[in-house]
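**Student:** After the structure tokens below, expect a handful of questions from me.
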Number of protein chains: 2
Amino acid sequence: MPATARSKARPPVRNPERTRERILAAALHEFAARGFAGARVDVIARRAPVNKRMLYHYFGDKGGLFRAVLRHTIARRLAYVEAQSPGGDQVLTMPLWFKQNCEGTDWVRLLAWESLQATGNSICDEAERRRVTKRSIGKIRKHQAARLLRPDVRPEFLQLAKTSLTMFPLAMPQITRLILGKSVTDKNFQRDYAKFLEAISAAFRP
Amino acid sequence: MPATARSKARPPVRNPERTRERILAAALHEFAARGFAGARVDVIARRAPVNKRMLYHYFGDKGGLFRAVLRHTIARRLAYVEAQSPGGDQVLTMPLWFKQNCEGTDWVRLLAWESLQATGNSICDEAERRRVTKRSIGKIRKHQAARLLRPDVRPEFLQLAKTSLTMFPLAMPQITRLILGKSVTDKNFQRDYAKFLEAISAAFRP
DNA sequence: CTTCATGGTAACCGTGTAGTTACTTAATAG
DNA sequence: CTATTAAGTAACTACACGGTTACCATGAAG
């Protein structure tokens, strides 16, 4: 009966999928915390916990792992975004975006590291990301046509402003703390800032 | 007469001040481009150009150099900010702030790296920076009292929003490019975005 | 049972990089 | 002139860290 026990109750000793996931999760944590150059492969492996060799087995090298983490996280995020109520007003929901970013700080920080460290002009998964961005901007344009948003400014700038206001405080916690005296992890801050975003949304209405 | 020639026309062979400045300038460039972990001490030394040993002579170690660069740049920036017309309206001048940030991209990027990499809660030169921040917030409060700014939101949040909108696009050029399709160094973008900031300043008025 | 591809481990290695050593040369004071 | 201190150089080192070698284990296929 050991065979059945092994195959059913106890998860198999070999489990590639789980190992991959573990590595990705640990790597996301480390890269989000320290960036690519600051991250240590050994730390990721120890955190997984998984033998370092496996990391190279699955992802080639440190850069490959970083790209995989980026892709993985981006894919999850894009799916999440696309799943949102398609009719839901976009820019009017800055508080919502902000709250979502609060829950996925790793995502915000990873993006920030990527943007800062990016040399030249190559972005990971650029085509797909641009597609989703364009869709988002398209929605804004529709809202402008429907007079839900002020039509006298370019929708791209609205998108950029939305992104700035909902990401910056979380991406740069030290600067935020310097201004507010509070930590960005403080639930009071998160609630109050969301309310503030709600209040100044008026700027985007006609 | 060689003595007079040396002391007047030709700068002395030994020149500590110049060397220090050179190192700081080179280090600012490298740290702004690659962050602390990504920066290479040898690259800084070669760029100065100065013998690597001098770098340790003046600044102790890599961390000391980074802090010195930060302090130096912050000091210059704070002096610049304080020198600004004290009566000039603060928040209404988002376009101005943005343009100034456009000229000092290194400053913005350095700040971004610092904020991202900061572990825990220690900020370099925290006291002085907080002082200046408080002053800036105080100005906003005054403007609120004078009904130049809407008084129903906390001035700290206005400061944070101003900072987000004027720094984020420059600190994260890749994200900006993804949204706009243009490089942040594009003069057209800089002009148009400044106009946009002008337009949405209305959000902050009563 | 054997084979073979894949999942997994421990110990190791080469190199890039922060930091030093040992020394020379210039300025300055007594 | 001499002593002393600070500025400057080239060569070196220790070691952290990314990446590898050599090996074992598991399970599915024949």
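Quick note on naming: the chains in the structure tokens go A, B, ... in the order shown, residues restart at 1 in each chain, and ligands are numbered from 1 in order of appearance.
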What are the residues of chain B that have an atom within 9 Å of an atom of chain A, counting only C-alpha atoms, as a PyMOL selection string?

**Tutor:** chain B and resi 33-39+109+111-119+121-123+126+129-130+133-134+137+152-154+156-161+163-169+171-176+178-181+193+196+199-204

**Student:** Please provide as JSON, numbers by chain all residues within 8 Å of Ala194 of chain B, with the sequence filter that same-chain residues fewer than 2 positions apart are discarded (counting only C-alpha atoms (C1' of nucleotides)).

**Tutor:** {"B": [94, 95, 96, 98, 99, 190, 191, 192, 196, 197, 198]}

**Student:** Include N, CA and C atoms and write out the residues we just selected as a PDB file, in the first residue's frame.

**Tutor:**
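Output saved as out.pdb:
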```pdb
ATOM      1  N   MET B  94       3.045  73.499 -10.158  1.00  0.00           N
ATOM      2  CA  MET B  94       3.474  72.147 -10.514  1.00  0.00           C
ATOM      3  C   MET B  94       4.253  72.093 -11.816  1.00  0.00           C
ATOM      4  N   PRO B  95       3.811  72.800 -12.856  1.00  0.00           N
ATOM      5  CA  PRO B  95       4.579  72.753 -14.102  1.00  0.00           C
ATOM      6  C   PRO B  95       6.017  73.191 -13.896  1.00  0.00           C
ATOM      7  N   LEU B  96       6.215  74.213 -13.069  1.00  0.00           N
ATOM      8  CA  LEU B  96       7.566  74.700 -12.804  1.00  0.00           C
ATOM      9  C   LEU B  96       8.408  73.623 -12.137  1.00  0.00           C
ATOM     10  N   PHE B  98       7.974  70.494 -12.233  1.00  0.00           N
ATOM     11  CA  PHE B  98       8.237  69.432 -13.197  1.00  0.00           C
ATOM     12  C   PHE B  98       9.392  69.799 -14.114  1.00  0.00           C
ATOM     13  N   LYS B  99       9.382  71.026 -14.607  1.00  0.00           N
ATOM     14  CA  LYS B  99      10.456  71.443 -15.501  1.00  0.00           C
ATOM     15  C   LYS B  99      11.805  71.418 -14.806  1.00  0.00           C
ATOM     16  N   GLN B 190       7.820  66.935 -22.527  1.00  0.00           N
ATOM     17  CA  GLN B 190       8.023  67.771 -21.348  1.00  0.00           C
ATOM     18  C   GLN B 190       7.134  69.007 -21.398  1.00  0.00           C
ATOM     19  N   ARG B 191       7.052  69.619 -22.556  1.00  0.00           N
ATOM     20  CA  ARG B 191       6.218  70.803 -22.695  1.00  0.00           C
ATOM     21  C   ARG B 191       4.740  70.451 -22.508  1.00  0.00           C
ATOM     22  N   ASP B 192       4.292  69.393 -23.186  1.00  0.00           N
ATOM     23  CA  ASP B 192       2.877  69.038 -23.132  1.00  0.00           C
ATOM     24  C   ASP B 192       2.455  68.597 -21.739  1.00  0.00           C
ATOM     25  N   PHE B 196      -0.344  70.022 -19.212  1.00  0.00           N
ATOM     26  CA  PHE B 196      -1.353  69.164 -18.584  1.00  0.00           C
ATOM     27  C   PHE B 196      -1.414  69.425 -17.083  1.00  0.00           C
ATOM     28  N   LEU B 197      -0.252  69.498 -16.456  1.00  0.00           N
ATOM     29  CA  LEU B 197      -0.212  69.766 -15.018  1.00  0.00           C
ATOM     30  C   LEU B 197      -0.881  71.094 -14.705  1.00  0.00           C
ATOM     31  N   GLU B 198      -0.610  72.051 -15.542  1.00  0.00           N
ATOM     32  CA  GLU B 198      -1.260  73.353 -15.406  1.00  0.00           C
ATOM     33  C   GLU B 198      -2.786  73.185 -15.430  1.00  0.00           C
TER      34      GLU B 198
END
```

**Student:** List every residue of segment 112-198 of chain B that DSSP, applied to the backbone of this structure, assigns to helix (DSSP H, G or I), and report them as a PDB file with C-alpha atoms, in the first residue's frame.

**Tutor:**
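The result, stored in selection_18.pdb:
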```
ATOM      1  CA  ALA B 112      14.163  57.135  -6.266  1.00  0.00           C
ATOM      2  CA  TRP B 113      17.008  54.664  -5.762  1.00  0.00           C
ATOM      3  CA  GLU B 114      17.402  55.789  -2.187  1.00  0.00           C
ATOM      4  CA  SER B 115      13.741  55.380  -1.443  1.00  0.00           C
ATOM      5  CA  LEU B 116      13.530  51.952  -3.033  1.00  0.00           C
ATOM      6  CA  GLN B 117      16.639  50.529  -1.468  1.00  0.00           C
ATOM      7  CA  GLU B 126      16.353  63.073   7.746  1.00  0.00           C
ATOM      8  CA  ALA B 127      16.149  66.031  10.117  1.00  0.00           C
ATOM      9  CA  GLU B 128      17.037  68.657   7.576  1.00  0.00           C
ATOM     10  CA  ARG B 129      14.881  67.201   4.865  1.00  0.00           C
ATOM     11  CA  ARG B 130      11.926  67.002   7.198  1.00  0.00           C
ATOM     12  CA  ARG B 131      12.466  70.623   8.117  1.00  0.00           C
ATOM     13  CA  VAL B 132      12.252  71.749   4.507  1.00  0.00           C
ATOM     14  CA  THR B 133       9.298  69.482   3.825  1.00  0.00           C
ATOM     15  CA  LYS B 134       7.477  70.938   6.804  1.00  0.00           C
ATOM     16  CA  ARG B 135       8.138  74.423   5.515  1.00  0.00           C
ATOM     17  CA  SER B 136       6.715  73.515   2.157  1.00  0.00           C
ATOM     18  CA  ILE B 137       3.620  72.053   3.797  1.00  0.00           C
ATOM     19  CA  GLY B 138       3.322  75.161   5.936  1.00  0.00           C
ATOM     20  CA  LYS B 139       3.166  77.275   2.815  1.00  0.00           C
ATOM     21  CA  ILE B 140       0.395  75.099   1.455  1.00  0.00           C
ATOM     22  CA  ARG B 141      -1.516  75.514   4.691  1.00  0.00           C
ATOM     23  CA  LYS B 142      -1.222  79.288   4.411  1.00  0.00           C
ATOM     24  CA  HIS B 143      -2.526  79.188   0.874  1.00  0.00           C
ATOM     25  CA  GLN B 144      -5.440  77.137   2.070  1.00  0.00           C
ATOM     26  CA  ALA B 145      -6.208  79.750   4.688  1.00  0.00           C
ATOM     27  CA  PRO B 155      -1.897  69.785   3.063  1.00  0.00           C
ATOM     28  CA  GLU B 156       0.374  66.764   3.418  1.00  0.00           C
ATOM     29  CA  PHE B 157      -1.627  64.982   0.772  1.00  0.00           C
ATOM     30  CA  LEU B 158      -1.401  67.947  -1.557  1.00  0.00           C
ATOM     31  CA  GLN B 159       2.358  67.906  -1.122  1.00  0.00           C
ATOM     32  CA  LEU B 160       2.440  64.174  -1.794  1.00  0.00           C
ATOM     33  CA  ALA B 161       0.303  64.531  -4.907  1.00  0.00           C
ATOM     34  CA  LYS B 162       2.473  67.345  -6.183  1.00  0.00           C
ATOM     35  CA  THR B 163       5.581  65.251  -5.655  1.00  0.00           C
ATOM     36  CA  SER B 164       4.013  62.220  -7.314  1.00  0.00           C
ATOM     37  CA  LEU B 165       2.902  64.085 -10.405  1.00  0.00           C
ATOM     38  CA  THR B 166       6.156  65.951 -10.914  1.00  0.00           C
ATOM     39  CA  MET B 167       8.603  63.148 -10.107  1.00  0.00           C
ATOM     40  CA  PHE B 168       7.049  59.852 -11.080  1.00  0.00           C
ATOM     41  CA  PRO B 169       7.206  60.224 -14.874  1.00  0.00           C
ATOM     42  CA  LEU B 170      10.897  61.118 -14.662  1.00  0.00           C
ATOM     43  CA  ALA B 171      11.811  58.598 -12.006  1.00  0.00           C
ATOM     44  CA  PRO B 173      10.942  56.541 -17.588  1.00  0.00           C
ATOM     45  CA  GLN B 174      10.074  53.062 -18.826  1.00  0.00           C
ATOM     46  CA  ILE B 175       6.565  53.209 -17.424  1.00  0.00           C
ATOM     47  CA  THR B 176       6.078  56.644 -18.897  1.00  0.00           C
ATOM     48  CA  ARG B 177       7.278  55.436 -22.266  1.00  0.00           C
ATOM     49  CA  LEU B 178       4.934  52.479 -22.072  1.00  0.00           C
ATOM     50  CA  ILE B 179       1.980  54.818 -21.578  1.00  0.00           C
ATOM     51  CA  LEU B 180       2.966  57.605 -23.929  1.00  0.00           C
ATOM     52  CA  LYS B 187      11.103  68.023 -25.296  1.00  0.00           C
ATOM     53  CA  ASN B 188       7.600  67.825 -26.733  1.00  0.00           C
ATOM     54  CA  PHE B 189       6.523  65.494 -23.975  1.00  0.00           C
ATOM     55  CA  GLN B 190       8.023  67.771 -21.348  1.00  0.00           C
ATOM     56  CA  ARG B 191       6.218  70.803 -22.695  1.00  0.00           C
ATOM     57  CA  ASP B 192       2.877  69.038 -23.132  1.00  0.00           C
ATOM     58  CA  TYR B 193       2.957  67.346 -19.754  1.00  0.00           C
ATOM     59  CA  ALA B 194       3.755  70.679 -18.099  1.00  0.00           C
ATOM     60  CA  LYS B 195       0.679  72.115 -19.794  1.00  0.00           C
ATOM     61  CA  PHE B 196      -1.353  69.164 -18.584  1.00  0.00           C
ATOM     62  CA  LEU B 197      -0.212  69.766 -15.018  1.00  0.00           C
ATOM     63  CA  GLU B 198      -1.260  73.353 -15.406  1.00  0.00           C
TER      64      GLU B 198
END
```

**Student:** Counting only C-alpha atoms (C1' of nucleotides), which residues of chain A come no farther than 8 Å from chain D, as JSON, numbers by chain?

**Tutor:** {"A": [14, 40, 41, 61, 62]}

**Student:** Please tabulate, as CSV, the residues of chain A that come within 8 Å of chain C, each with its closest pair of atoms and the distance in Å to one decimal, counting only C-alpha atoms (C1' of nucleotides) and ordering rows by chain, then residue number upward.

**Tutor:**
```
residue,atom,partner,partner_atom,distance
A:Arg14,CA,C:DG7,C1',5.9
A:Asn15,CA,C:DG7,C1',7.6
A:Pro16,CA,C:DG7,C1',6.9
A:Asn51,CA,C:DT9,C1',7.0
A:Met54,CA,C:DG8,C1',7.5
```

**Student:** Would you save the residues from that selection as a CSV table (one decimal), in the first residue's frame, using N, CA and C atoms?

**Tutor:**
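So the final result, stored in again13.csv, reads:
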```
chain,number,residue,atom,x,y,z
A,14,ARG,N,9.0,14.3,-5.9
A,14,ARG,CA,9.4,15.2,-7.0
A,14,ARG,C,8.1,16.0,-7.4
A,15,ASN,N,8.3,17.3,-7.4
A,15,ASN,CA,7.2,18.1,-7.8
A,15,ASN,C,7.7,19.4,-8.5
A,16,PRO,N,7.9,19.3,-9.8
A,16,PRO,CA,8.5,20.4,-10.5
A,16,PRO,C,7.7,21.7,-10.4
A,51,ASN,N,17.3,23.8,-3.6
A,51,ASN,CA,18.7,23.9,-4.0
A,51,ASN,C,19.0,24.9,-5.1
A,54,MET,N,18.7,24.1,-8.8
A,54,MET,CA,17.4,24.0,-9.4
A,54,MET,C,17.0,25.3,-10.0
```

**Student:** What is the atom CA of Val43 of chain B to atom CA of Glu30 of chain A distance in Å?

**Tutor:** 26.1 Å

**Student:** Please compute the atom CA of Asp42 of chain B-atom CA of Ile74 of chain B distance, one decimal, in Å.

**Tutor:**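 Calculated distance between atom CA of Asp42 of chain B and atom CA of Ile74 of chain B is 24.2 Å.
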
**Student:** Suppose you want the space between atom CA of Arg150 of chain A and atom CA of Ala83 of chain A; what is it in Å?

**Tutor:** 25.9 Å
